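Visitor: Please find my_file04.cif (mmCIF, C-alpha atoms and all ligand atoms) on the next line:
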```
data_entry
#
loop_
_atom_site.label_atom_id
_atom_site.label_comp_id
_atom_site.auth_asym_id
_atom_site.auth_seq_id
_atom_site.Cartn_x
_atom_site.Cartn_y
_atom_site.Cartn_z
CA MET P 166 23.79 -15.73 -36.23
CA THR P 167 22.98 -15.70 -32.51
CA SER P 168 25.45 -13.86 -30.38
CA LEU P 169 26.24 -13.68 -26.71
CA SER P 170 28.10 -10.90 -24.91
CA VAL P 171 29.67 -11.90 -21.62
CA ILE P 172 30.46 -8.93 -19.40
CA VAL P 173 33.04 -9.27 -16.63
CA PRO P 174 33.42 -6.33 -14.21
CA LEU P 175 36.79 -6.53 -12.52
CA PHE P 176 38.80 -4.59 -10.03
CA ASN P 177 42.25 -5.90 -9.16
CA GLU P 178 41.56 -9.54 -10.05
CA ARG P 179 44.88 -10.35 -11.75
CA GLU P 180 45.27 -13.83 -10.24
CA SER P 181 41.77 -14.94 -11.18
CA ILE P 182 41.67 -13.72 -14.79
CA PRO P 183 43.58 -16.51 -16.61
CA GLU P 184 41.56 -19.24 -14.90
CA LEU P 185 38.31 -17.36 -15.41
CA LEU P 186 38.95 -16.99 -19.14
CA ASP P 187 39.85 -20.67 -19.46
CA GLN P 188 36.61 -21.58 -17.74
CA LEU P 189 34.60 -19.14 -19.86
CA TYR P 190 36.05 -20.51 -23.11
CA LEU P 191 35.27 -24.01 -21.91
CA ALA P 192 31.67 -22.98 -21.18
CA MET P 193 31.32 -21.26 -24.56
CA GLY P 194 32.49 -24.40 -26.33
CA GLU P 195 29.95 -26.64 -24.67
CA ARG P 196 27.75 -28.73 -26.92
CA GLU P 197 24.56 -27.81 -25.05
CA LEU P 198 25.13 -24.09 -25.58
CA CYS P 199 25.60 -24.61 -29.33
CA ASP P 200 22.40 -26.64 -29.38
CA LEU P 201 20.50 -23.87 -27.62
CA PHE P 202 21.72 -21.15 -29.92
CA GLY P 203 21.91 -23.18 -33.08
CA GLU P 204 25.28 -23.31 -34.78
CA PRO P 205 27.20 -21.27 -35.48
CA PHE P 206 26.91 -18.75 -32.68
CA SER P 207 29.34 -16.05 -31.82
CA PHE P 208 30.38 -14.68 -28.48
CA GLU P 209 32.47 -11.87 -27.07
CA ILE P 210 33.90 -11.43 -23.60
CA ILE P 211 33.89 -7.81 -22.52
CA MET P 212 36.31 -7.34 -19.65
CA VAL P 213 35.51 -4.08 -17.91
CA ASP P 214 38.49 -3.03 -15.85
CA ASP P 215 37.11 -0.76 -13.15
CA GLY P 216 40.28 1.23 -12.52
CA SER P 217 42.46 -1.69 -11.37
CA THR P 218 45.82 -0.76 -9.93
CA ASP P 219 47.32 -4.22 -10.45
CA ALA P 220 48.40 -5.78 -13.73
CA SER P 221 44.87 -6.86 -14.75
CA PRO P 222 44.52 -4.58 -17.83
CA SER P 223 47.93 -5.41 -19.29
CA LEU P 224 47.33 -9.09 -18.64
CA ILE P 225 44.06 -8.90 -20.60
CA THR P 226 45.62 -6.93 -23.46
CA GLY P 227 48.27 -9.63 -23.72
CA LEU P 228 45.63 -12.35 -24.04
CA ILE P 229 43.70 -10.65 -26.86
CA ALA P 230 46.17 -11.78 -29.54
CA SER P 231 45.43 -15.46 -28.96
CA ARG P 232 41.76 -14.97 -28.04
CA PRO P 233 40.19 -12.35 -30.33
CA GLU P 234 36.77 -12.67 -28.67
CA ILE P 235 38.13 -10.79 -25.65
CA ARG P 236 37.48 -7.05 -25.49
CA LEU P 237 38.77 -4.65 -22.88
CA ILE P 238 37.23 -1.46 -21.54
CA SER P 239 39.34 0.28 -18.91
CA LEU P 240 37.55 2.89 -16.86
CA GLN P 241 39.40 6.06 -15.97
CA ARG P 242 39.31 5.23 -12.24
CA ASN P 243 37.50 2.89 -9.87
CA PHE P 244 33.86 3.89 -10.38
CA GLY P 245 32.28 0.81 -8.76
CA LYS P 246 30.67 -2.35 -10.07
CA THR P 247 27.47 -0.62 -11.19
CA ALA P 248 29.43 1.72 -13.47
CA ALA P 249 31.53 -1.16 -14.79
CA LEU P 250 28.40 -3.12 -15.65
CA SER P 251 26.82 -0.06 -17.32
CA ALA P 252 29.91 0.37 -19.50
CA GLY P 253 29.69 -3.30 -20.50
CA PHE P 254 25.96 -2.97 -21.26
CA LEU P 255 26.62 0.01 -23.54
CA ALA P 256 29.26 -1.91 -25.47
CA ALA P 257 27.47 -5.29 -25.62
CA SER P 258 26.47 -6.18 -29.15
CA GLY P 259 25.00 -9.63 -28.51
CA GLU P 260 21.35 -10.60 -28.64
CA TYR P 261 21.94 -12.24 -25.29
CA VAL P 262 24.00 -10.74 -22.50
CA CYS P 263 25.57 -12.48 -19.52
CA THR P 264 27.29 -10.87 -16.53
CA ILE P 265 29.70 -12.78 -14.34
CA ASP P 266 32.07 -11.78 -11.52
CA ALA P 267 35.78 -12.02 -12.22
CA ASP P 268 36.70 -13.67 -8.92
CA LEU P 269 35.80 -17.26 -9.95
CA GLN P 270 33.01 -17.39 -7.35
CA ASP P 271 30.41 -17.86 -10.11
CA ASP P 272 30.62 -20.98 -12.24
CA PRO P 273 30.49 -20.27 -16.02
CA LEU P 274 29.16 -23.80 -16.62
CA ALA P 275 25.81 -22.56 -15.30
CA ILE P 276 25.41 -20.18 -18.26
CA LYS P 277 23.91 -22.81 -20.53
CA SER P 278 21.09 -23.73 -18.14
CA MET P 279 20.39 -20.05 -17.57
CA ILE P 280 20.13 -19.41 -21.32
CA LYS P 281 17.80 -22.39 -21.54
CA LYS P 282 15.60 -20.85 -18.88
CA LEU P 283 15.69 -17.52 -20.72
CA GLN P 284 14.47 -19.23 -23.85
CA GLU P 285 11.46 -20.54 -21.94
CA GLY P 286 10.16 -16.99 -22.23
CA TYR P 287 12.01 -14.86 -19.70
CA ASP P 288 13.94 -11.65 -20.22
CA LEU P 289 16.26 -11.94 -17.23
CA VAL P 290 17.46 -15.01 -15.35
CA SER P 291 19.26 -14.21 -12.13
CA GLY P 292 21.55 -16.72 -10.42
CA TRP P 293 20.66 -17.90 -6.93
CA LYS P 294 23.65 -18.71 -4.72
CA ARG P 295 21.60 -21.24 -2.78
CA ASP P 296 24.62 -22.75 -1.12
CA ARG P 297 26.67 -19.61 -0.71
CA LYS P 298 30.37 -19.94 0.07
CA ASP P 299 30.95 -16.65 1.85
CA PRO P 300 31.55 -15.71 5.51
CA LEU P 301 28.57 -15.10 7.80
CA SER P 302 29.36 -11.36 7.93
CA LYS P 303 28.30 -11.28 4.30
CA THR P 304 25.57 -13.86 4.09
CA LEU P 305 23.60 -12.50 7.04
CA PRO P 306 23.15 -8.87 5.85
CA SER P 307 22.53 -10.23 2.39
CA LYS P 308 19.71 -12.47 3.66
CA LEU P 309 18.19 -9.44 5.37
CA PHE P 310 18.34 -7.29 2.23
CA ASN P 311 16.95 -10.03 0.06
CA ALA P 312 14.04 -10.60 2.45
CA ALA P 313 13.29 -6.86 2.63
CA THR P 314 13.50 -6.49 -1.14
CA ARG P 315 11.18 -9.47 -1.62
CA LEU P 316 8.73 -8.04 0.87
CA PHE P 317 8.63 -4.51 -0.54
CA THR P 318 8.77 -5.32 -4.23
CA GLY P 319 6.74 -8.51 -4.33
CA ILE P 320 9.35 -10.15 -6.57
CA SER P 321 9.77 -13.69 -5.32
CA ILE P 322 13.43 -14.36 -6.02
CA HIS P 323 15.93 -15.26 -3.31
CA ASP P 324 19.13 -13.62 -4.41
CA PHE P 325 18.91 -10.21 -6.05
CA ASN P 326 22.64 -9.54 -6.04
CA CYS P 327 24.15 -12.57 -7.76
CA GLY P 328 26.98 -11.63 -10.13
CA LEU P 329 25.85 -14.26 -12.59
CA LYS P 330 22.86 -13.21 -14.66
CA VAL P 331 21.70 -13.62 -18.25
CA TYR P 332 19.57 -11.12 -20.12
CA ARG P 333 17.95 -10.49 -23.43
CA SER P 334 19.68 -7.44 -24.85
CA GLY P 335 16.49 -5.34 -24.64
CA VAL P 336 16.75 -5.41 -20.85
CA VAL P 337 20.28 -4.03 -20.65
CA ARG P 338 19.48 -1.33 -23.19
CA ARG P 339 16.61 -0.19 -21.00
CA LEU P 340 18.29 -0.30 -17.58
CA GLU P 341 19.51 2.96 -16.10
CA LEU P 342 21.81 2.24 -13.18
CA HIS P 343 23.10 4.72 -10.61
CA GLY P 344 24.95 4.46 -7.30
CA ASP P 345 25.38 0.82 -6.35
CA MET P 346 22.15 -0.24 -7.95
CA HIS P 347 23.53 -3.37 -9.54
CA ARG P 348 22.20 -5.03 -6.38
CA TYR P 349 18.66 -4.33 -7.48
CA ILE P 350 18.81 -5.02 -11.22
CA PRO P 351 15.99 -7.61 -11.08
CA VAL P 352 13.72 -5.04 -9.39
CA LEU P 353 14.42 -2.38 -12.02
CA ALA P 354 13.99 -4.92 -14.82
CA GLN P 355 10.68 -6.17 -13.51
CA TRP P 356 9.49 -2.60 -13.00
CA ASN P 357 10.25 -1.96 -16.67
CA GLY P 358 7.93 -4.83 -17.51
CA PHE P 359 10.51 -7.53 -18.20
CA ARG P 360 9.93 -11.12 -17.11
CA VAL P 361 12.35 -12.02 -14.35
CA THR P 362 13.14 -15.39 -12.82
CA GLU P 363 15.97 -17.18 -11.01
CA LEU P 364 17.93 -20.39 -11.21
CA PRO P 365 20.09 -21.95 -8.46
CA VAL P 366 23.76 -21.80 -9.43
CA ASN P 367 26.92 -23.31 -8.11
CA HIS P 368 28.84 -20.87 -5.90
CA ARG P 369 32.48 -21.15 -4.88
CA ALA P 370 34.63 -19.58 -2.21
CA ARG P 371 36.94 -16.77 -3.29
CA LYS P 372 40.21 -18.38 -4.37
CA PHE P 373 42.38 -15.32 -4.99
CA GLY P 374 42.39 -11.73 -3.78
CA SER P 375 39.81 -10.34 -1.39
CA THR P 376 36.30 -8.97 -1.47
CA LYS P 377 36.01 -5.40 -2.70
CA TYR P 378 33.17 -4.59 -0.38
CA GLY P 379 33.69 -3.96 3.35
CA SER P 380 31.12 -3.12 5.99
CA SER P 381 30.21 0.07 4.10
CA ARG P 382 28.18 -2.18 1.81
CA PHE P 383 25.46 -2.26 4.46
CA PHE P 384 24.78 1.46 4.28
CA SER P 385 25.22 1.87 0.54
CA GLY P 386 22.91 -1.13 0.16
CA LEU P 387 20.36 0.50 2.43
CA PHE P 388 20.39 3.86 0.65
CA ASP P 389 20.23 2.27 -2.76
CA PHE P 390 17.35 0.13 -1.56
CA LEU P 391 15.46 3.28 -0.60
CA SER P 392 16.21 4.93 -3.96
CA VAL P 393 15.13 1.83 -5.84
CA LEU P 394 11.90 1.68 -3.85
CA PHE P 395 11.28 5.34 -4.57
CA ILE P 396 12.19 5.09 -8.24
CA THR P 397 10.02 2.07 -8.88
CA ARG P 398 7.03 3.52 -7.07
CA TYR P 399 7.10 7.26 -7.40
CA LEU P 400 9.56 8.34 -10.11
CA ARG P 401 6.76 9.39 -12.43
CA ARG P 402 4.45 10.68 -9.72
CA PRO P 403 6.45 12.19 -6.84
CA MET P 404 3.41 14.18 -5.74
CA HIS P 405 1.69 10.96 -4.67
CA PHE P 406 4.38 10.46 -2.05
CA PHE P 407 5.30 13.96 -0.92
CA GLY P 408 1.83 15.40 -1.49
CA MET P 409 0.17 12.78 0.68
CA ALA P 410 2.74 13.10 3.47
CA GLY P 411 2.49 16.90 3.25
CA LEU P 412 -1.28 16.84 3.35
CA VAL P 413 -1.40 14.58 6.41
CA SER P 414 1.15 16.70 8.25
CA PHE P 415 -0.64 19.94 7.31
CA LEU P 416 -4.03 18.62 8.39
CA PHE P 417 -2.73 17.53 11.80
CA GLY P 418 -0.97 20.87 12.21
CA PHE P 419 -4.12 22.71 11.21
CA CYS P 420 -6.32 20.80 13.66
CA ILE P 421 -3.88 21.39 16.51
CA SER P 422 -3.59 25.10 15.76
CA LEU P 423 -7.37 25.42 15.46
CA TYR P 424 -7.83 23.69 18.82
CA VAL P 425 -5.31 25.97 20.52
CA THR P 426 -6.88 29.07 18.91
CA LEU P 427 -10.40 28.10 19.96
CA ASP P 428 -9.14 27.44 23.48
CA LYS P 429 -7.70 30.92 23.57
CA ILE P 430 -10.75 32.67 22.10
CA LEU P 431 -13.53 30.75 23.77
CA LEU P 432 -12.01 29.64 27.07
CA HIS P 433 -9.40 32.41 27.39
CA LYS P 434 -6.63 29.92 28.10
CA PRO P 435 -3.08 31.21 27.60
CA VAL P 436 -1.35 29.64 24.57
CA SER P 437 2.25 30.72 24.85
CA ASN P 438 3.17 28.07 27.45
CA ARG P 439 1.62 25.09 25.63
CA PRO P 440 4.03 22.69 23.88
CA ILE P 441 1.26 21.48 21.58
CA LEU P 442 1.25 24.91 19.93
CA PHE P 443 4.79 24.32 18.74
CA LEU P 444 3.90 20.90 17.46
CA GLY P 445 1.05 22.44 15.48
CA ILE P 446 3.33 25.07 13.92
CA LEU P 447 5.97 22.44 13.17
CA LEU P 448 3.51 20.18 11.39
CA LEU P 449 2.09 23.10 9.37
CA ILE P 450 5.53 24.13 8.13
CA LEU P 451 6.55 20.53 7.47
CA GLY P 452 3.36 19.99 5.50
CA VAL P 453 3.97 22.96 3.25
CA GLN P 454 7.58 21.91 2.71
CA LEU P 455 6.70 18.34 1.79
CA PHE P 456 3.99 19.56 -0.53
CA SER P 457 6.32 21.95 -2.36
CA THR P 458 8.98 19.23 -2.65
CA GLY P 459 6.35 17.07 -4.34
CA LEU P 460 5.40 19.92 -6.64
CA LEU P 461 9.04 20.48 -7.62
CA GLY P 462 9.49 16.75 -8.18
CA GLU P 463 6.41 16.67 -10.36
CA MET P 464 7.68 19.59 -12.44
CA LEU P 465 11.05 17.90 -12.84
CA SER P 466 9.59 14.56 -13.84
CA THR P 467 7.20 16.03 -16.41
CA SER P 468 9.74 18.39 -17.93
CA SER P 469 12.41 15.68 -18.18
CA THR P 470 12.46 14.51 -21.77
CA LYS P 471 14.70 11.56 -21.03
CA GLY P 472 13.07 8.16 -21.16
CA THR P 473 9.53 7.27 -21.98
CA GLN P 474 6.72 6.36 -19.66
CA PHE P 475 6.31 2.88 -21.12
CA THR P 476 7.87 0.23 -23.33
CA VAL P 477 6.19 -2.04 -25.85
CA ARG P 478 6.73 -5.82 -25.73
CA GLU P 479 5.59 -6.66 -29.26
CA THR P 480 3.56 -5.30 -32.14
CA ALA P 481 1.77 -6.76 -35.13
CA ASN P 482 1.16 -5.38 -38.57
CA LEU P 483 2.65 -1.97 -37.92
CA THR P 484 4.43 -0.21 -40.76
CA PRO P 485 8.18 0.26 -40.16
CA THR P 486 7.55 3.98 -39.68
CA GLN P 487 4.95 3.32 -37.00
CA ALA P 488 7.20 0.81 -35.25
CA LYS P 489 10.06 3.31 -35.22
CA MET P 490 7.96 5.76 -33.25
CA LEU P 491 7.46 3.33 -30.37
CA PRO P 492 9.90 2.40 -27.60
CA ILE P 493 10.16 -1.35 -28.14
CA GLY P 494 11.53 -3.04 -24.98
N1 LIG P 501 34.18 -5.08 -8.74
C1 LIG P 501 34.31 -4.00 -9.60
N2 LIG P 501 34.45 -2.76 -9.08
C2 LIG P 501 34.43 -2.52 -7.73
C3 LIG P 501 34.26 -3.62 -6.87
C4 LIG P 501 34.13 -4.88 -7.40
O1 LIG P 501 34.33 -4.19 -10.81
O2 LIG P 501 34.56 -1.37 -7.32
C5 LIG P 501 34.07 -6.44 -9.30
C6 LIG P 501 35.01 -7.44 -8.68
O3 LIG P 501 36.27 -7.43 -9.30
C7 LIG P 501 34.29 -8.74 -8.90
C8 LIG P 501 32.82 -8.33 -8.76
O4 LIG P 501 32.77 -6.93 -8.99
O5 LIG P 501 34.51 -9.24 -10.19
C9 LIG P 501 32.25 -8.68 -7.40
O6 LIG P 501 33.06 -8.14 -6.38
P1 LIG P 501 33.41 -8.92 -5.05
O7 LIG P 501 33.75 -10.34 -5.38
O8 LIG P 501 34.44 -8.14 -4.30
O9 LIG P 501 32.03 -8.87 -4.30
P2 LIG P 501 31.41 -9.99 -3.35
O10 LIG P 501 31.45 -11.30 -4.10
O11 LIG P 501 32.28 -10.00 -2.16
O12 LIG P 501 30.01 -9.51 -3.10
MG MG P 502 32.93 -12.21 -5.05
#
```
Using structure tokens, write down the structure that the file contains.

Guide:
Amino acid sequence: MTSLSVIVPLFNERESIPELLDQLYLAMGERELCDLFGEPFSFEIIMVDDGSTDASPSLITGLIASRPEIRLISLQRNFGKTAALSAGFLAASGEYVCTIDADLQDDPLAIKSMIKKLQEGYDLVSGWKRDRKDPLSKTLPSKLFNAATRLFTGISIHDFNCGLKVYRSGVVRRLELHGDMHRYIPVLAQWNGFRVTELPVNHRARKFGSTKYGSSRFFSGLFDFLSVLFITRYLRRPMHFFGMAGLVSFLFGFCISLYVTLDKILLHKPVSNRPILFLGILLLILGVQLFSTGLLGEMLSTSSTKGTQFTVRETANLTPTQAKMLPIG
């Protein structure tokens, strides 16, 4: 029987929850979804309460009696949306996984078309809030981040950080999220070799409560962008980044120092009053430091036993023992 796990990260969303669950149950009962999955299919709704201080968790517990598909995970404190999603991913038992925000901004009726897209041969379908109903203070930085992410990663989707996404379960088992990296899930998924695409979805203005992200999102977004870039490019080969930078810096420093030394020896020019001497020394030291950072990184990455260097998409004619030895994606 096909199964779908819907994960809802929530932080103080008491007013939205009843309506959200009604809408989700409506979406789960849709004919088209049954046709896609083949009847009967089962679903679960994993509500991940990210340390809410309002009545959200007790409200959800109260609803479980009449709706047994609802599950609740309450985090010890507010760890952030990335952590809430990770908790949901760990608990998800479905073959397909869907994430959706709790604030009613994403429309659950889009899930069926996203699953349909997934079945065309993708591993992750990310929603695209083409007509986004948020204030300019949010849409503008978001446009900037999306453009930069597209440029640096080469992934041609418009909206990396849409709360509404559907996945094959292999993707969520493979993802390792830190910081606020939920914003870059499509990048990490594609880097792991999964097929990623997008689908325009209906977006709505926030009806209840307020956004949980203030202006600090700009900086956390920026830093996480840098980590994601680094992880996807150099995690397994830090020396290629630090070593190269170190080498360039060292070479410049060396040339400058050589020039100053030759000037002193051959032309008897004084060196102590020449600023370029200090630049040379600075670049030499910087070069050695960068190089040793790369070396340390390399030692860390090779000695770390966690995670494999690759994942396998499919196999044919392997014995079960052989298949068990391989990390199947
Ligand atoms: N959220 C969460 N933990 C947090 C912040 C937000 O679980 O620390 C949830 C929030 O309840 C909502 C979703 O993440 O379901 C998206 O948050 P929000 O709507 O505030 O973000 P925005 O739509 O403004 O980007
Ligand atoms: Mg929102």

Visitor: Using only C-alpha atoms and all ligand atoms, which residues of the polymer chains come no farther than 10 Å from ligand LIG 501 (chain P)? I'd like the answer as an MDAnalysis selection string.

Guide: chainID P and resid 173:179 181:182 212:217 240 242:250 264:271 298:300 303:304 307 326:329 345 347:348 369:371 373:379 382

Visitor: Please report the interatomic distance between CA of Ala312 (chain P) and CA of Phe384 (chain P) in Å with one decimal.

Guide: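 Atom-to-atom, CA of Ala312 (chain P) and CA of Phe384 (chain P) are spaced 16.3 Å apart.
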
Visitor: Pick from P:Lys372, P:Ala275, P:Phe390, P:Val337: nearest to ligand MG 502 (chain P), with all atoms listed in the file counted?

Guide: P:Lys372

Visitor: Work out how far apart CA of Arg478 (chain P) and CA of Ala354 (chain P) are and give it in Å to one decimal.

Guide: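 Between CA of Arg478 (chain P) and CA of Ala354 (chain P) the gap is 13.1 Å.
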
Visitor: As an exercise, work out the distance from CA of Glu195 (chain P) to CA of Ser251 (chain P) in Å and give it to one decimal place.

Guide: 27.8 Å

Visitor: Find the residue from P:Leu353, P:Leu274, P:Ile421, P:Met464 that sits nearest to Phe443 (chain P); use all atoms listed in the file when measuring.

Guide: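 That would be P:Ile421, the residue with the smallest distance to Phe443 (chain P).
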
Visitor: Write out as a ChimeraX atom specification the residues lying within 7 Å of Arg360 (chain P), counting all atoms listed in the file and excluding same-chain residues fewer than 6 positions away.

Guide: /P:287-289

Visitor: With all atoms listed in the file counted, which protein, DNA or RNA residues have an atom no more than 8 Å from (4.1, 17.5, 9.7) in the file frame? Please answer as a VMD selection string.

Guide: chain P and resid 410 to 411 413 to 415 417 to 418 447 to 452

Visitor: Using C-alpha atoms, can you write the selected residues to a file as a PDB file, in the coordinates of the input?

Guide:
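Final file, selection24.pdb:
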```
ATOM      1  CA  ALA P 410       2.740  13.100   3.470  1.00  0.00           C
ATOM      2  CA  GLY P 411       2.490  16.900   3.250  1.00  0.00           C
ATOM      3  CA  VAL P 413      -1.400  14.580   6.410  1.00  0.00           C
ATOM      4  CA  SER P 414       1.150  16.700   8.250  1.00  0.00           C
ATOM      5  CA  PHE P 415      -0.640  19.940   7.310  1.00  0.00           C
ATOM      6  CA  PHE P 417      -2.730  17.530  11.800  1.00  0.00           C
ATOM      7  CA  GLY P 418      -0.970  20.870  12.210  1.00  0.00           C
ATOM      8  CA  LEU P 447       5.970  22.440  13.170  1.00  0.00           C
ATOM      9  CA  LEU P 448       3.510  20.180  11.390  1.00  0.00           C
ATOM     10  CA  LEU P 449       2.090  23.100   9.370  1.00  0.00           C
ATOM     11  CA  ILE P 450       5.530  24.130   8.130  1.00  0.00           C
ATOM     12  CA  LEU P 451       6.550  20.530   7.470  1.00  0.00           C
ATOM     13  CA  GLY P 452       3.360  19.990   5.500  1.00  0.00           C
TER      14      GLY P 452
END
```

Visitor: Can you work out which one of P:Gln188, P:Ser278, P:Asn367, P:Ser223 has the shortest atom-to-atom distance to Asp200 (chain P), counting all atoms listed in the file?

Guide: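 Residue with the minimum atom-to-atom distance to Asp200 (chain P): P:Ser278.
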
Visitor: Which one is closest to Val366 (chain P): P:Ser469, P:Ser291, P:Thr397, P:Thr426? Count all atoms listed in the file.

Guide: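 The closest residue to Val366 (chain P) is P:Ser291.
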
Visitor: Nearest residue to ligand MG 502 (chain P) out of P:His405, P:Asn311, P:Pro273, P:His368, using all atoms listed in the file?

Guide: P:His368

Visitor: Find, counting all atoms listed in the file, the residue in P:Gly386, P:Gly445, P:Gly286, P:Pro183 that gets nearest to Leu309 (chain P).

Guide: P:Gly386

Visitor: Would you pick out the contacts of Ile211 (chain P) at 9 Å or less, using all atoms listed in the file, so that residues sharing its chain but fewer than 2 positions from it are not included, and give the list as a PyMOL selection string?

Guide: chain P and resi 170-174+209+213+234-238+253+256-257

Visitor: Counting all atoms listed in the file, what is within 12 Å of Phe317 (chain P), bar same-chain residues fewer than 2 positions away, as a ChimeraX atom specification?

Guide: /P:310-315,319-321,352,390-391,393-395,397-398

Visitor: Env of Glu363 (chain P): 7 Å cut, atoms = only C-alpha atoms, seq-sep filter 2 positions within chain, self excluded. Answer as a ChimeraX atom specification.

Guide: /P:290-293,322,365
